[in-house]
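Data from data.cif: mmCIF, C-alpha atoms
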data_data
#
loop_
_atom_site.label_atom_id
_atom_site.label_comp_id
_atom_site.auth_asym_id
_atom_site.auth_seq_id
_atom_site.Cartn_x
_atom_site.Cartn_y
_atom_site.Cartn_z
CA MET A 1 8.26 26.56 15.05
CA PRO A 2 11.85 25.26 15.12
CA ALA A 3 13.15 23.54 12.03
CA ILE A 4 16.03 21.22 11.29
CA SER A 5 18.11 20.83 8.19
CA THR A 6 17.77 17.42 6.55
CA GLY A 7 20.99 17.85 4.69
CA ALA A 8 19.15 17.54 1.39
CA GLY A 9 18.39 21.19 0.93
CA THR A 10 14.99 20.91 2.63
CA ARG A 11 13.93 21.93 6.10
CA ALA A 12 11.53 19.74 8.04
CA PRO A 13 9.70 20.83 11.17
CA ILE A 14 10.37 18.74 14.27
CA ARG A 15 7.44 16.41 14.99
CA SER A 16 6.70 13.73 17.52
CA PRO A 17 7.46 10.39 15.82
CA PHE A 18 4.38 8.76 17.31
CA LEU A 19 2.04 11.58 16.28
CA THR A 20 3.61 11.46 12.82
CA VAL A 21 2.98 7.71 12.56
CA ALA A 22 -0.59 8.15 13.81
CA ALA A 23 -1.19 10.85 11.19
CA ALA A 24 0.42 8.66 8.53
CA TRP A 25 -1.90 5.80 9.48
CA LEU A 26 -5.03 7.94 9.49
CA VAL A 27 -4.42 9.64 6.14
CA PRO A 28 -1.84 8.05 3.81
CA GLY A 29 0.98 10.50 3.14
CA LEU A 30 0.01 12.88 5.95
CA GLY A 31 3.07 11.88 7.96
CA HIS A 32 5.36 12.85 5.10
CA PHE A 33 3.37 16.03 4.52
CA LEU A 34 3.81 17.09 8.15
CA LEU A 35 7.54 16.44 7.82
CA GLY A 36 7.76 18.67 4.77
CA ARG A 37 8.03 15.89 2.16
CA LYS A 38 5.08 17.09 0.10
CA VAL A 39 5.85 15.40 -3.22
CA ARG A 40 6.43 12.06 -1.53
CA ALA A 41 3.26 12.59 0.50
CA ALA A 42 1.24 13.18 -2.66
CA ILE A 43 2.63 10.08 -4.38
CA LEU A 44 1.97 7.91 -1.32
CA PHE A 45 -1.55 9.26 -0.96
CA VAL A 46 -2.38 8.63 -4.62
CA ALA A 47 -0.84 5.12 -4.58
CA VAL A 48 -2.77 4.02 -1.49
CA LEU A 49 -5.97 5.70 -2.66
CA VAL A 50 -5.82 4.07 -6.11
CA ALA A 51 -5.18 0.65 -4.57
CA PHE A 52 -8.07 1.03 -2.12
CA ILE A 53 -10.54 2.40 -4.68
CA THR A 54 -9.60 -0.35 -7.13
CA GLY A 55 -10.31 -2.93 -4.45
CA VAL A 56 -13.65 -1.37 -3.56
CA MET A 57 -14.69 -0.95 -7.19
CA MET A 58 -13.95 -4.64 -7.74
CA HIS A 59 -16.22 -5.42 -4.76
CA GLY A 60 -13.45 -6.97 -2.74
CA PRO A 61 -14.69 -8.13 0.67
CA LEU A 62 -13.02 -6.88 3.84
CA PHE A 63 -11.35 -9.35 6.18
CA GLN A 64 -13.22 -9.69 9.46
CA PRO A 65 -11.41 -10.18 12.77
CA ASP A 66 -14.16 -12.47 14.00
CA GLY A 67 -14.05 -14.49 10.81
CA ALA A 68 -10.87 -16.23 11.93
CA GLN A 69 -12.09 -19.82 12.06
CA GLY A 70 -10.81 -23.16 10.91
CA ASP A 71 -7.19 -24.28 10.80
CA VAL A 72 -4.14 -22.24 11.77
CA LEU A 73 -3.37 -21.14 8.22
CA SER A 74 -6.91 -19.85 7.69
CA ARG A 75 -6.71 -17.89 10.93
CA ILE A 76 -3.35 -16.37 9.99
CA ILE A 77 -4.75 -15.32 6.60
CA GLN A 78 -7.88 -13.80 8.17
CA ILE A 79 -6.04 -11.93 10.94
CA GLY A 80 -3.23 -10.83 8.60
CA GLY A 81 -5.77 -9.65 6.06
CA PHE A 82 -7.65 -7.74 8.74
CA ILE A 83 -4.44 -6.00 9.87
CA GLY A 84 -3.71 -5.17 6.22
CA ASP A 85 -7.21 -3.74 5.74
CA LEU A 86 -7.02 -1.76 8.97
CA SER A 87 -3.69 -0.22 7.96
CA SER A 88 -5.45 1.86 5.32
CA GLY A 89 -6.60 4.11 8.17
CA LEU A 90 -9.43 6.50 7.44
CA MET A 91 -10.28 4.83 4.12
CA TYR A 92 -10.96 1.54 5.90
CA LEU A 93 -12.92 3.26 8.67
CA LEU A 94 -15.04 5.20 6.15
CA ALA A 95 -15.73 2.01 4.22
CA VAL A 96 -16.87 0.21 7.38
CA TRP A 97 -18.89 3.16 8.66
CA SER A 98 -20.61 3.60 5.30
CA GLY A 99 -21.74 -0.01 5.43
CA TYR A 100 -19.46 -1.34 2.70
CA ALA A 101 -19.78 -5.11 2.98
CA PRO A 102 -19.90 -6.97 -0.33
CA PRO A 103 -20.54 -10.70 0.02
CA ASP A 104 -17.49 -12.95 0.10
CA GLN A 105 -18.36 -14.70 -3.15
CA ALA A 106 -16.29 -16.94 -5.36
CA SER A 107 -15.30 -14.68 -8.25
CA HIS A 108 -11.92 -13.65 -9.53
CA ASN A 109 -12.89 -9.96 -9.45
CA ALA A 110 -13.85 -10.00 -5.77
CA ASP A 111 -10.70 -11.97 -5.00
CA TYR A 112 -8.47 -9.41 -6.75
CA GLY A 113 -10.41 -6.60 -5.06
CA SER A 114 -9.85 -8.09 -1.63
CA LYS A 115 -6.11 -8.27 -2.30
CA PHE A 116 -6.00 -4.68 -3.52
CA ILE A 117 -7.63 -3.44 -0.32
CA VAL A 118 -4.95 -5.31 1.66
CA LEU A 119 -2.30 -3.91 -0.71
CA ALA A 120 -3.46 -0.38 0.11
CA GLY A 121 -2.96 -1.06 3.81
CA LEU A 122 0.44 -2.66 3.35
CA LEU A 123 1.66 0.23 1.20
CA ASN A 124 0.48 2.60 3.92
CA LEU A 125 2.32 0.49 6.48
CA LEU A 126 5.55 1.03 4.50
CA ALA A 127 4.81 4.75 4.39
CA MET A 128 4.27 4.79 8.17
CA VAL A 129 7.64 3.12 8.78
CA ASP A 130 9.31 5.59 6.41
CA ALA A 131 7.63 8.54 8.16
CA TYR A 132 8.82 7.22 11.53
CA GLU A 133 12.40 6.93 10.27
CA ILE A 134 12.30 10.47 8.90
CA ALA A 135 10.78 11.81 12.12
CA THR A 136 13.50 10.12 14.19
CA ARG A 137 16.16 11.38 11.74
CA GLN A 138 17.32 7.91 10.75
CA LYS A 139 16.89 8.98 7.14
CA GLU A 140 16.09 12.12 5.17
CA MET B 1 -18.21 -2.74 -10.74
CA TRP B 2 -14.82 -2.80 -12.40
CA ASN B 3 -13.98 -5.93 -14.31
CA LEU B 4 -10.22 -6.17 -14.79
CA ASP B 5 -8.41 -9.27 -16.00
CA HIS B 6 -5.39 -10.84 -14.36
CA PHE B 7 -2.85 -9.04 -16.53
CA GLU B 8 -4.40 -5.63 -15.88
CA VAL B 9 -4.52 -6.04 -12.11
CA SER B 10 -0.96 -7.41 -12.14
CA VAL B 11 0.35 -4.37 -14.02
CA LEU B 12 -1.56 -2.02 -11.71
CA PHE B 13 -0.19 -3.86 -8.69
CA ALA B 14 3.34 -3.59 -10.10
CA ILE B 15 3.01 0.16 -10.72
CA LEU B 16 1.68 0.94 -7.24
CA ALA B 17 4.06 -1.35 -5.36
CA SER B 18 7.09 -0.16 -7.38
CA ALA B 19 6.26 3.50 -6.78
CA VAL B 20 6.01 3.05 -3.01
CA LEU B 21 9.00 0.71 -2.75
CA GLY B 22 11.15 3.16 -4.68
CA LEU B 23 9.91 6.02 -2.56
CA VAL B 24 10.50 4.55 0.89
CA THR B 25 13.71 2.59 0.43
CA LYS B 26 16.16 5.01 -1.19
CA ARG B 27 17.68 8.30 -0.15
CA THR B 28 17.96 10.41 -3.30
CA ASP B 29 15.39 11.10 -6.01
CA ARG B 30 17.63 9.55 -8.66
CA GLU B 31 18.01 6.36 -6.63
CA ARG B 32 14.26 6.26 -5.96
CA ILE B 33 13.38 6.49 -9.66
CA ARG B 34 15.97 3.87 -10.60
CA TYR B 35 14.85 1.47 -7.89
CA GLY B 36 11.18 2.01 -8.73
CA LEU B 37 11.85 1.18 -12.38
CA TYR B 38 13.97 -1.80 -11.33
CA CYS B 39 11.14 -3.14 -9.14
CA PHE B 40 8.62 -2.61 -11.92
CA GLY B 41 10.89 -4.49 -14.35
CA CYS B 42 11.25 -7.36 -11.87
CA PHE B 43 7.47 -7.56 -11.40
CA MET B 44 6.94 -7.62 -15.16
CA ALA B 45 9.67 -10.20 -15.72
CA ALA B 46 8.17 -12.43 -13.02
CA LEU B 47 4.69 -11.94 -14.49
CA PHE B 48 5.73 -13.03 -17.98
CA CYS B 49 8.05 -15.83 -16.81
CA ILE B 50 5.45 -17.36 -14.49
CA GLY B 51 2.75 -16.84 -17.12
CA TRP B 52 4.72 -18.69 -19.79
CA PHE B 53 5.75 -21.36 -17.27
CA MET B 54 2.10 -22.02 -16.41
CA LYS B 55 1.14 -22.08 -20.08
CA LEU B 56 3.86 -24.62 -20.87
CA LEU B 57 2.97 -26.63 -17.78
CA HIS B 58 -0.74 -26.80 -18.52
CA GLY B 59 -0.55 -26.72 -22.32
#

In structure tokens, how does this file's structure come out?
Amino acid sequence: MPAISTGAGTRAPIRSPFLTVAAAWLVPGLGHFLLGRKVRAAILFVAVLVAFITGVMMHGPLFQPDGAQGDVLSRIIQIGGFIGDLSSGLMYLLAVWSGYAPPDQASHNADYGSKFIVLAGLLNLLAMVDAYEIATRQKE
Amino acid sequence: MWNLDHFEVSVLFAILASAVLGLVTKRTDRERIRYGLYCFGCFMAALFCIGWFMKLLHG
């Protein structure tokens, strides 16, 4: 497989940017791993995993795309939250497929948990953008 | 079920967000560590400032 020099003393295999982003979405850190950034991949994976597990262990409810009702602000929050949840990739899919659906109850713990699940997705979104920039050689 | 208070979840949030922000925004390892610590410090400063502000506001 051909390899390029990143200029930082490391050699990264050439990958399709879109496949890299897809891999980065599915498994946090996988995009960086495929590009040869293994330490960064491990840190990203652990950060997203800890955020997601914290959210689940606090029984944070997932945002539902069909739950977007009410005024404009409520819809933006619901849809934005759903996009955030979905950005966790396989973790979100596994949670949905395993039937994880705690009730949306009024408690500070569930509220924090819900935000942590969104945080996991948003952190993974940052990682996906970073992986894309590395794959397109905009950064090392 | 985990039962964390506001301070604990805020510190955890700050650690995770700082680590990723430092990792994805800078180009060298030294810059990443410095920026991660800077972000963590900013989160903590905001946490304590807003916390004290709310305490003074509400008594």

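Separating atom CA of Asn124 of chain A from atom CA of Leu44 of chain A is a distance of 7.6 Å.
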
### Query
Leaving out segment 101-118 of chain A and any residue of its chain fewer than 6 positions from it, which residues lie within 7 Å of it when counting only C-alpha atoms, given as a ChimeraX atom specification?
/A:51-52,54-56,58-62,81,84-85 /B:3

Please report as a tab-separated table every residue of chain B lying within 10 Å of chain A, along with the nearest atom pair and their distance in Å (one decimal), using only C-alpha atoms.
residue	atom	partner	partner_atom	distance
B:Met1	CA	A:Met57	CA	5.3
B:Trp2	CA	A:Met58	CA	5.1
B:Asn3	CA	A:Asn109	CA	6.4
B:Leu4	CA	A:Asn109	CA	7.1
B:Asp5	CA	A:Asn109	CA	8.0
B:His6	CA	A:Tyr112	CA	8.3
B:Val9	CA	A:Tyr112	CA	7.5
B:Ser10	CA	A:Tyr112	CA	9.5
B:Leu12	CA	A:Ala51	CA	8.4
B:Phe13	CA	A:Phe116	CA	7.8
B:Ile15	CA	A:Ala47	CA	8.8
B:Leu16	CA	A:Ala47	CA	5.6
B:Ala17	CA	A:Leu123	CA	7.2
B:Ser18	CA	A:Ala47	CA	9.9
B:Ala19	CA	A:Ala47	CA	7.6
B:Val20	CA	A:Leu44	CA	6.5
B:Leu21	CA	A:Leu126	CA	8.0
B:Leu23	CA	A:Arg40	CA	7.0
B:Val24	CA	A:Asp130	CA	5.7
B:Thr25	CA	A:Asp130	CA	8.0
B:Lys26	CA	A:Lys139	CA	9.3
B:Arg27	CA	A:Glu140	CA	6.7
B:Thr28	CA	A:Ala8	CA	8.6

### Task
Would you mind reading off the distance between atom CA of Val11 of chain B and atom CA of Met44 of chain B, one decimal, in Å?
7.4 Å

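Note that atom CA of Ala95 of chain A and atom CA of Ile79 of chain A are 18.3 Å apart.
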
### Query
Written as a ChimeraX atom specification, which residues does the PyMOL selection byres ((chain A and resi 132) around 12) give for the file shown?
/A:14-25,29-32,34-35,125-131,133-140 /B:24

## Note on the structure
In terms of all atoms listed in the file, the residue from A:Val72, A:Gly121, A:Ser98, A:Val27 at minimal distance from Leu86 of chain A is A:Gly121

Once the PyMOL selection byres ((chain A and resi 90) around 8) has been applied to the shown file, what residues remain in the selection, as a CSV table (one decimal) with C-alpha atoms, in the frame of the given file?
chain,number,residue,atom,x,y,z
A,25,TRP,CA,-1.9,5.8,9.5
A,26,LEU,CA,-5.0,7.9,9.5
A,27,VAL,CA,-4.4,9.6,6.1
A,88,SER,CA,-5.4,1.9,5.3
A,89,GLY,CA,-6.6,4.1,8.2
A,91,MET,CA,-10.3,4.8,4.1
A,92,TYR,CA,-11.0,1.5,5.9
A,93,LEU,CA,-12.9,3.3,8.7
A,94,LEU,CA,-15.0,5.2,6.2
